[in-house]
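**Student:** For reference, this is target-v5.txt, and it has compact mmCIF, C-alpha atoms and all ligand atoms.
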```txt
# COMPACT_ATOMS: atom_id res chain seq x y z
CA MET A 1 8.77 -23.94 -8.39
CA LEU A 2 7.55 -20.44 -9.24
CA LYS A 3 5.58 -19.82 -12.41
CA TYR A 4 5.59 -16.38 -13.98
CA CYS A 5 3.05 -14.44 -15.97
CA LYS A 6 3.93 -14.60 -19.66
CA ARG A 7 3.31 -10.91 -20.15
CA CYS A 8 4.74 -9.30 -17.00
CA VAL A 9 7.17 -10.67 -14.40
CA THR A 10 4.68 -11.46 -11.60
CA PRO A 11 5.07 -14.91 -10.02
CA ASP A 12 2.17 -17.14 -9.01
CA SER A 13 3.31 -16.83 -5.39
CA ARG A 14 1.83 -13.31 -5.25
CA PRO A 15 -1.16 -13.39 -2.89
CA HIS A 16 -4.56 -13.20 -4.63
CA ILE A 17 -3.10 -13.42 -8.14
CA GLU A 18 -4.76 -15.74 -10.65
CA PHE A 19 -3.43 -16.97 -13.99
CA ASN A 20 -5.65 -17.70 -17.00
CA GLU A 21 -5.28 -20.66 -19.34
CA ASN A 22 -2.77 -18.73 -21.44
CA GLY A 23 -0.52 -18.07 -18.46
CA ILE A 24 -1.43 -14.38 -18.17
CA CYS A 25 -1.94 -12.95 -14.69
CA SER A 26 -5.12 -11.31 -13.48
CA ALA A 27 -3.37 -7.94 -13.04
CA CYS A 28 -2.35 -7.90 -16.72
CA ILE A 29 -5.83 -8.92 -17.83
CA ALA A 30 -7.41 -6.27 -15.64
CA SER A 31 -5.05 -3.64 -16.96
CA GLU A 32 -5.83 -4.55 -20.55
CA LYS A 33 -9.53 -4.49 -19.79
CA LYS A 34 -9.14 -1.16 -18.08
CA MET A 35 -7.50 0.38 -21.13
CA ALA A 36 -9.76 -1.22 -23.70
CA SER A 37 -13.27 -1.68 -22.49
CA ILE A 38 -13.98 0.45 -19.47
CA ASP A 39 -16.29 3.30 -20.24
CA TRP A 40 -14.29 5.94 -18.40
CA ASP A 41 -16.66 8.70 -19.49
CA ALA A 42 -19.55 6.92 -17.80
CA ARG A 43 -17.54 6.32 -14.66
CA LYS A 44 -16.34 9.89 -14.58
CA LYS A 45 -19.94 11.02 -14.91
CA SER A 46 -21.02 8.89 -11.95
CA LEU A 47 -18.11 10.31 -9.94
CA GLY A 48 -19.37 13.79 -10.73
CA GLU A 49 -22.82 12.76 -9.56
CA ILE A 50 -21.45 11.42 -6.27
CA PHE A 51 -19.60 14.68 -5.67
CA ASP A 52 -22.68 16.74 -6.60
CA LYS A 53 -24.70 14.79 -4.06
CA TYR A 54 -22.29 15.46 -1.20
CA ARG A 55 -21.12 19.00 -2.03
CA LEU A 56 -22.56 21.19 0.71
CA ASN A 57 -20.88 24.49 -0.05
CA ILE A 58 -21.18 25.54 3.59
CA PRO A 59 -18.15 26.97 5.42
CA GLY A 60 -17.42 24.76 8.43
CA LYS A 61 -19.06 21.69 6.93
CA TYR A 62 -16.68 19.27 5.23
CA ASP A 63 -18.00 17.49 2.13
CA CYS A 64 -15.78 14.45 2.42
CA ILE A 65 -12.71 12.92 4.05
CA VAL A 66 -9.59 12.26 2.01
CA PRO A 67 -7.25 9.79 3.73
CA VAL A 68 -3.70 10.93 2.92
CA SER A 69 -0.24 9.58 3.63
CA GLY A 70 1.71 12.41 2.07
CA GLY A 71 2.67 10.33 -0.94
CA LYS A 72 2.17 11.33 -4.56
CA ASP A 73 -1.22 9.62 -4.72
CA SER A 74 -2.47 11.65 -1.76
CA THR A 75 -1.50 14.91 -3.39
CA TYR A 76 -3.18 13.80 -6.58
CA GLN A 77 -6.36 12.84 -4.67
CA VAL A 78 -6.50 16.24 -3.01
CA HIS A 79 -5.85 17.96 -6.33
CA MET A 80 -8.76 16.10 -7.94
CA VAL A 81 -11.17 16.48 -5.03
CA LYS A 82 -10.50 20.13 -4.25
CA ASN A 83 -9.36 21.69 -7.49
CA GLU A 84 -11.08 19.57 -10.14
CA TYR A 85 -14.33 18.81 -8.34
CA ARG A 86 -14.49 21.87 -6.08
CA MET A 87 -15.16 19.87 -2.92
CA ASN A 88 -14.35 20.99 0.62
CA PRO A 89 -12.39 18.03 2.02
CA LEU A 90 -10.98 17.25 5.42
CA CYS A 91 -7.69 15.40 4.90
CA ILE A 92 -6.71 12.85 7.54
CA THR A 93 -3.40 11.08 8.03
CA PHE A 94 -2.56 8.22 10.31
CA ARG A 95 0.74 9.49 11.64
CA THR A 96 3.14 6.56 11.51
CA LEU A 97 5.98 6.51 14.02
CA ALA A 98 8.27 5.70 11.10
CA ARG A 99 7.56 8.81 9.05
CA THR A 100 10.51 10.06 7.02
CA PRO A 101 11.52 13.76 6.88
CA ARG A 102 10.62 13.73 3.18
CA GLY A 103 7.18 12.38 4.09
CA GLU A 104 6.77 15.30 6.51
CA GLU A 105 7.75 17.84 3.84
CA ASN A 106 5.40 16.32 1.31
CA LEU A 107 2.51 16.52 3.76
CA GLN A 108 3.19 20.21 4.19
CA ALA A 109 3.09 20.61 0.39
CA LEU A 110 -0.24 18.80 0.42
CA ARG A 111 -1.68 21.14 3.07
CA ASN A 112 -0.46 24.04 0.97
CA ILE A 113 -2.95 23.07 -1.71
CA GLY A 114 -5.28 24.79 0.74
CA VAL A 115 -6.94 22.17 2.88
CA ASP A 116 -7.56 21.41 6.55
CA HIS A 117 -5.61 18.40 7.74
CA VAL A 118 -5.68 16.14 10.79
CA ASP A 119 -2.36 14.42 11.52
CA PHE A 120 -3.78 11.75 13.78
CA SER A 121 -1.33 10.08 16.18
CA PRO A 122 -2.66 6.95 17.85
CA ASN A 123 -1.33 5.95 21.26
CA PRO A 124 2.32 4.99 20.56
CA VAL A 125 2.41 2.49 23.43
CA GLY A 126 -0.35 0.48 21.78
CA ILE A 127 1.14 0.92 18.30
CA ASN A 128 4.55 -0.36 19.34
CA LYS A 129 3.21 -3.36 21.23
CA LEU A 130 1.02 -4.30 18.30
CA THR A 131 3.81 -3.77 15.78
CA LYS A 132 6.11 -6.04 17.73
CA LYS A 133 3.47 -8.75 18.03
CA ALA A 134 2.56 -8.65 14.33
CA PHE A 135 6.23 -8.69 13.37
CA ASN A 136 7.00 -11.71 15.54
CA GLU A 137 3.85 -13.66 14.75
CA LEU A 138 3.27 -12.80 11.10
CA GLY A 139 6.54 -11.31 9.88
CA ASP A 140 4.58 -8.17 9.08
CA CYS A 141 5.87 -4.82 10.25
CA SER A 142 3.16 -2.81 8.46
CA LEU A 143 0.04 -4.63 9.62
CA VAL A 144 -0.46 -1.97 12.23
CA ASP A 145 -0.40 0.71 9.53
CA HIS A 146 -3.09 -1.07 7.56
CA LEU A 147 -5.18 -1.68 10.67
CA ALA A 148 -4.75 1.94 11.71
CA ILE A 149 -5.50 3.62 8.41
CA TYR A 150 -8.48 1.40 7.55
CA SER A 151 -10.03 1.75 11.03
CA ILE A 152 -9.17 5.30 12.03
CA ILE A 153 -10.78 6.76 8.92
CA PRO A 154 -14.25 5.17 9.36
CA ASN A 155 -13.93 5.83 13.07
CA LEU A 156 -13.37 9.55 12.60
CA ALA A 157 -15.98 9.63 9.83
CA VAL A 158 -18.56 8.42 12.35
CA LYS A 159 -17.38 10.78 15.07
CA LEU A 160 -17.33 13.78 12.74
CA GLY A 161 -20.45 12.78 10.81
CA ILE A 162 -18.80 12.89 7.36
CA PRO A 163 -20.07 10.02 5.19
CA LEU A 164 -18.10 10.33 1.94
CA ILE A 165 -14.53 8.94 1.97
CA ILE A 166 -12.29 9.31 -1.07
CA TRP A 167 -9.66 6.56 -1.11
CA GLY A 168 -7.07 6.45 -3.89
CA GLU A 169 -6.25 3.35 -5.84
CA ASN A 170 -7.89 0.01 -5.48
CA PRO A 171 -4.78 -1.97 -4.51
CA LEU A 172 -6.21 -5.11 -6.07
CA MET A 173 -6.84 -3.41 -9.37
CA GLU A 174 -3.25 -2.24 -9.67
CA TYR A 175 -1.46 -5.29 -8.35
CA GLY A 176 -3.66 -8.25 -9.03
CA GLY A 177 -6.60 -10.01 -7.52
CA SER A 178 -9.45 -11.98 -9.02
CA GLU A 179 -11.33 -10.41 -11.87
CA SER A 180 -14.57 -9.86 -10.00
CA ASP A 181 -12.72 -7.75 -7.43
CA PHE A 182 -11.90 -5.08 -9.94
CA GLU A 183 -15.48 -3.96 -10.01
CA VAL A 184 -15.34 -3.10 -6.34
CA ALA A 185 -15.62 0.62 -5.96
CA ARG A 186 -16.12 0.68 -2.21
CA LEU A 187 -13.70 0.06 0.59
CA ASN A 188 -15.70 -1.18 3.54
CA ARG A 189 -15.51 -3.89 6.16
CA ASP A 190 -16.48 -6.65 3.67
CA PHE A 191 -13.77 -5.54 1.31
CA LEU A 192 -11.13 -5.64 4.05
CA LYS A 193 -12.26 -9.03 5.20
CA LYS A 194 -12.59 -10.59 1.78
CA HIS A 195 -9.14 -9.51 0.71
CA ASP A 196 -7.42 -10.38 3.91
CA ILE A 197 -5.89 -6.93 4.15
CA LEU A 198 -5.71 -7.32 7.92
CA LYS A 199 -4.46 -10.93 7.70
CA GLY A 200 -7.70 -12.37 8.99
CA ARG A 201 -7.49 -10.56 12.28
CA SER A 202 -9.53 -7.68 13.59
CA TRP A 203 -8.55 -5.37 16.42
CA GLU A 204 -10.06 -7.70 19.06
CA ASP A 205 -7.69 -10.47 18.09
CA TRP A 206 -4.73 -8.36 19.13
CA VAL A 207 -5.99 -7.54 22.60
CA SER A 208 -4.23 -9.58 25.29
CA ASP A 209 -3.01 -9.31 28.89
CA ASN A 210 -0.17 -7.23 27.52
CA LEU A 211 -2.20 -5.04 25.14
CA SER A 212 -5.44 -3.46 26.28
CA ALA A 213 -8.32 -2.35 24.09
CA PHE A 214 -7.79 1.18 25.44
CA GLU A 215 -4.27 1.19 24.05
CA ILE A 216 -5.57 0.58 20.53
CA GLN A 217 -8.99 2.21 20.87
CA SER A 218 -8.56 4.35 17.77
CA MET A 219 -8.39 1.12 15.77
CA ILE A 220 -11.73 -0.24 16.88
CA TYR A 221 -13.73 -0.57 13.68
CA PRO A 222 -17.12 1.15 14.02
CA GLU A 223 -20.25 -0.97 14.29
CA ASP A 224 -22.35 -1.39 11.16
CA ASN A 225 -25.22 0.60 12.65
CA GLU A 226 -22.88 3.49 13.42
CA LEU A 227 -21.69 3.52 9.82
CA GLU A 228 -25.24 3.25 8.55
CA SER A 229 -26.39 6.11 10.73
CA ILE A 230 -24.09 8.53 8.88
CA GLY A 231 -24.68 6.89 5.48
CA TYR A 232 -21.02 5.84 5.25
CA HIS A 233 -19.96 5.91 1.60
CA PRO A 234 -16.33 5.04 0.87
CA ILE A 235 -15.12 5.00 -2.74
CA PHE A 236 -11.89 4.36 -4.63
CA LEU A 237 -11.05 7.28 -6.90
CA GLY A 238 -9.07 4.82 -9.05
CA TYR A 239 -12.30 3.08 -9.97
CA TYR A 240 -13.74 6.21 -11.54
CA ILE A 241 -10.72 7.76 -13.20
CA PRO A 242 -7.65 6.12 -14.78
CA TRP A 243 -4.94 5.69 -12.17
CA ASP A 244 -1.25 5.89 -12.97
CA ALA A 245 1.56 6.35 -10.46
CA LYS A 246 3.67 8.33 -12.91
CA THR A 247 0.90 10.73 -13.92
CA ASN A 248 -0.03 11.22 -10.27
CA MET A 249 3.57 12.04 -9.46
CA GLU A 250 3.73 14.62 -12.25
CA VAL A 251 0.64 16.36 -10.89
CA ALA A 252 1.94 16.13 -7.30
CA VAL A 253 5.27 17.73 -8.28
CA ARG A 254 3.38 20.80 -9.51
CA TYR A 255 2.20 21.25 -5.91
CA GLY A 256 5.67 20.95 -4.41
CA PHE A 257 5.83 17.20 -3.90
CA LYS A 258 9.48 16.09 -3.76
CA VAL A 259 10.93 12.76 -4.83
CA ARG A 260 13.82 10.97 -3.13
CA GLU A 261 17.05 12.61 -4.27
CA LYS A 262 19.15 9.53 -3.69
CA GLY A 263 16.98 7.54 -6.10
CA PRO A 264 14.47 4.79 -5.34
CA VAL A 265 14.72 3.42 -1.83
CA MET A 266 13.45 0.12 -3.19
CA GLY A 267 12.04 -0.76 -6.60
CA LEU A 268 12.19 1.49 -9.64
CA TYR A 269 10.48 4.68 -8.57
CA ASP A 270 12.14 7.56 -6.73
CA TYR A 271 8.66 8.89 -6.01
CA ALA A 272 7.24 5.82 -4.22
CA ASP A 273 7.57 4.31 -0.76
CA LEU A 274 9.20 7.44 0.58
CA ASP A 275 6.95 8.56 3.42
CA CYS A 276 7.33 5.60 5.82
CA MET A 277 10.43 3.60 6.67
CA ASN A 278 8.56 0.51 7.80
CA ILE A 279 6.77 -0.04 4.50
CA VAL A 280 10.18 -0.57 2.90
CA ILE A 281 10.93 -3.35 5.39
CA HIS A 282 7.45 -4.72 4.76
CA HIS A 283 8.20 -4.96 1.04
CA TYR A 284 11.45 -6.72 1.78
CA PHE A 285 9.62 -9.50 3.61
CA LYS A 286 7.77 -10.30 0.38
CA TRP A 287 11.13 -11.37 -0.97
CA LEU A 288 11.42 -13.96 1.80
CA LYS A 289 7.79 -15.02 1.84
CA PHE A 290 6.97 -15.00 -1.87
CA GLY A 291 10.26 -14.72 -3.75
CA PHE A 292 9.63 -11.34 -5.38
CA ASN A 293 10.04 -7.76 -4.37
CA ARG A 294 9.42 -4.20 -5.40
CA ILE A 295 11.27 -4.28 -8.75
CA THR A 296 8.91 -7.08 -9.78
CA ASP A 297 5.89 -4.98 -8.79
CA ASN A 298 7.12 -1.83 -10.47
CA ALA A 299 8.49 -3.45 -13.64
CA SER A 300 5.26 -5.43 -14.10
CA ASN A 301 3.36 -2.18 -13.81
CA GLU A 302 5.63 -0.53 -16.40
CA ILE A 303 5.04 -3.44 -18.81
CA ARG A 304 1.28 -3.08 -18.39
CA LYS A 305 1.51 0.63 -19.04
CA GLY A 306 3.46 -0.11 -22.24
CA ARG A 307 6.59 1.65 -21.04
CA MET A 308 8.87 -1.39 -20.65
CA THR A 309 9.56 -4.66 -22.43
CA ARG A 310 9.51 -7.96 -20.54
CA GLU A 311 13.20 -8.52 -21.38
CA GLU A 312 14.11 -5.22 -19.74
CA ALA A 313 11.97 -6.12 -16.72
CA VAL A 314 13.68 -9.50 -16.33
CA ARG A 315 17.06 -7.79 -16.49
CA LEU A 316 16.09 -5.31 -13.76
CA VAL A 317 14.65 -8.03 -11.53
CA LYS A 318 17.83 -10.03 -11.94
CA GLU A 319 20.01 -7.04 -11.14
CA ARG A 320 18.17 -5.44 -8.28
CA ASP A 321 15.14 -7.24 -6.88
CA GLY A 322 15.53 -8.39 -3.30
CA VAL A 323 18.05 -5.84 -2.09
CA LYS A 324 17.97 -5.10 1.59
CA PRO A 325 16.28 -2.01 3.05
CA PRO A 326 18.69 0.76 4.13
CA LYS A 327 20.52 -0.07 7.36
CA GLU A 328 19.17 2.99 9.14
CA TYR A 329 15.58 1.88 8.42
CA ILE A 330 16.17 -1.46 10.08
CA ALA A 331 17.95 0.19 13.01
CA ALA A 332 15.02 2.60 13.47
CA PHE A 333 12.50 -0.24 13.36
CA CYS A 334 14.46 -2.23 15.95
CA ARG A 335 14.59 0.84 18.18
CA GLN A 336 10.86 1.40 17.71
CA ILE A 337 9.85 -2.05 18.96
CA ASN A 338 12.86 -2.52 21.22
CA ILE A 339 14.52 -5.56 19.66
CA THR A 340 18.12 -6.19 18.63
CA GLU A 341 19.14 -6.30 14.98
CA LYS A 342 20.22 -9.88 15.54
CA SER A 343 16.73 -10.84 16.59
CA PHE A 344 15.32 -8.86 13.64
CA TRP A 345 17.27 -11.05 11.21
CA GLU A 346 16.38 -14.21 13.11
CA THR A 347 12.71 -13.35 12.70
CA ALA A 348 13.28 -12.54 9.04
CA GLU A 349 14.88 -15.94 8.54
CA LYS A 350 11.92 -17.60 10.25
CA PHE A 351 9.63 -16.26 7.53
CA ARG A 352 11.71 -17.44 4.61
CA ASN A 353 9.36 -19.67 2.63
CA LYS A 354 11.05 -23.04 2.20
CA ASN A 355 8.69 -23.99 -0.63
CA ILE A 356 10.26 -21.21 -2.65
CA TRP A 357 13.76 -20.94 -1.25
CA LYS A 358 16.19 -23.85 -1.56
CA LYS A 359 19.79 -24.24 -0.46
CA ASP A 360 22.54 -24.97 -2.97
CA SER A 361 25.54 -27.20 -2.29
CA ASN A 362 27.41 -24.27 -0.73
CA GLY A 363 24.59 -23.69 1.71
CA GLU A 364 23.46 -20.52 -0.11
CA TRP A 365 19.77 -19.77 -0.47
CA TYR A 366 18.31 -19.41 -3.96
CA ILE A 367 14.82 -19.23 -5.43
CA GLU A 368 13.96 -22.33 -7.37
CA GLY A 369 12.98 -21.41 -10.93
CA TRP A 370 13.62 -17.69 -10.36
CA ILE A 371 12.97 -15.53 -13.38
CA GLY A 372 16.34 -13.83 -12.94
CA GLY A 373 18.29 -17.07 -13.29
CA ASP A 374 18.20 -20.52 -11.91
CA LYS A 375 20.53 -20.30 -8.96
CA VAL A 376 20.97 -16.80 -7.69
CA PRO A 377 22.01 -16.65 -4.06
CA ASP A 378 19.98 -14.54 -1.70
CA ARG A 379 21.23 -11.01 -1.29
CA PHE A 380 20.58 -11.13 2.40
CA SER A 381 24.06 -10.20 3.44
CA ASN A 382 26.02 -9.33 0.35
CA THR A 383 24.15 -6.45 -1.19
CA PRO A 384 25.69 -3.01 -0.94
CA ILE A 385 23.22 -0.43 0.29
ZN ZN A 401 1.05 -10.32 -15.66
```
What does this structure look like when you write it as structure tokens?
**Tutor:**
Amino acid sequence: MLKYCKRCVTPDSRPHIEFNENGICSACIASEKKMASIDWDARKKSLGEIFDKYRLNIPGKYDCIVPVSGGKDSTYQVHMVKNEYRMNPLCITFRTLARTPRGEENLQALRNIGVDHVDFSPNPVGINKLTKKAFNELGDCSLVDHLAIYSIIPNLAVKLGIPLIIWGENPLMEYGGSESDFEVARLNRDFLKKHDILKGRSWEDWVSDNLSAFEIQSMIYPEDNELESIGYHPIFLGYYIPWDAKTNMEVAVRYGFKVREKGPVMGLYDYADLDCMNIVIHHYFKWLKFGFNRITDNASNEIRKGRMTREEAVRLVKERDGVKPPKEYIAAFCRQINITEKSFWETAEKFRNKNIWKKDSNGEWYIEGWIGGDKVPDRFSNTPI
């Protein structure tokens, strides 16, 4: 039976979340701590010092790499790095095969801030094989994106000799993790390993008779000595300056960033999850594996930011959490990895967590102890899109 945080609507099934003795989740505690006790002036000062150290002011020599997806956070990162801190960044994107037209437009708006940009496309043969394998074995259609983005960036950093990497938010800080993790300012191999971002597997584990190392060579994580030789120094911007999706969006819009006109594709925000189709399917699988979805994430965040009451959040979760991704997203994913939609849904069903999902007397699935009501059938097949 799921237990929920008493302050937000996060269930204890969320990976890496911890609850204190008062039933409050680690994400809420971290957010409170962030607002109350973090000395943001001191952190901002140390950010300034880092930038001062790496600012070369030489045409042709980049000061840092900013990994960008084309989302609102990317635009905000580039705004801060280039316009606030007067750095000369090289922006790098891992070009997903599932990029949306809106994602493409938003990347152009980002380039128009006035930066050089590498739209890096890894070998699609390798990407598709790996995506299919990860989907079938782990029910994860975005593992390849995580592997790609977190490996390609250090890889190119080594090859280009640019040590400073400016990541955006610390995902654990925003969405929960243990308290000690929130102090982590650096995204490196230990961080990835400790937090299981790559599901306990490195690139070698995916190589098989059917998938050669050459096919995924851009995802080979550099050796420690290679990283040391350039003085590799990755940081999370969200550790040094307060990080808020809504504020970031407002800044991004000033640079031409566009939201989704049809409203949120999933969750509450029309400005999130709009650059890649597969991430939306990835979120949906959380519904099957953990019994919560994007509304839960977003509403919990709104509660922590003081913009929503818990009652309102519960109502929204009840109304809309767990809706299916748009049909065309699923069709595109099936085309990408060459499977039928029937087999897509069979795989989805395989990953339904039976500790969380129970069947009622009519044979309908429901989440035991769900915050939205005791017996709400799954919206697998009956939700309008
Ligand atoms: Zn909470």
**Student:** Out of A:Asp244, A:Asp297, A:Asp52, A:Asp224, which residue has the shortest atom-to-atom distance to ligand ZN 401 (chain A) when counting only C-alpha atoms and all ligand atoms?
**Tutor:**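 Under the stated criterion, the closest residue is A:Asp297.
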**Student:** Which protein, DNA or RNA residues have an atom at most 12 Å from (17.5, 9.9, -3.0), counting all atoms listed in the file? List them as a list in words.
**Tutor:** Arg102, Lys258, Val259, Arg260, Glu261, Lys262, Gly263, Pro264, Val265, Met266, Leu268, Tyr269, Asp270, Tyr271, Ala272, Asp273, Leu274 and Pro326 of chain A
**Student:** Collect all residues with atoms no farther than 6 Å from ligand ZN 401 (chain A), counting all atoms listed in the file, and output them as a PyMOL selection string.
**Tutor:** chain A and resi 5+7-8+10+24-25+27-28
**Student:** Report, in Å with one decimal, the straight-line distance from CA of Asn278 (chain A) to CA of Leu237 (chain A).
**Tutor:**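 It comes out at 25.4 Å.
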**Student:** Measuring atom to atom with all atoms listed in the file, identify which of A:Ala348, A:Val115, A:Met249, A:Met87 is nearest to Lys286 (chain A).
**Tutor:**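 Closest to Lys286 (chain A), using all atoms listed in the file: A:Ala348.
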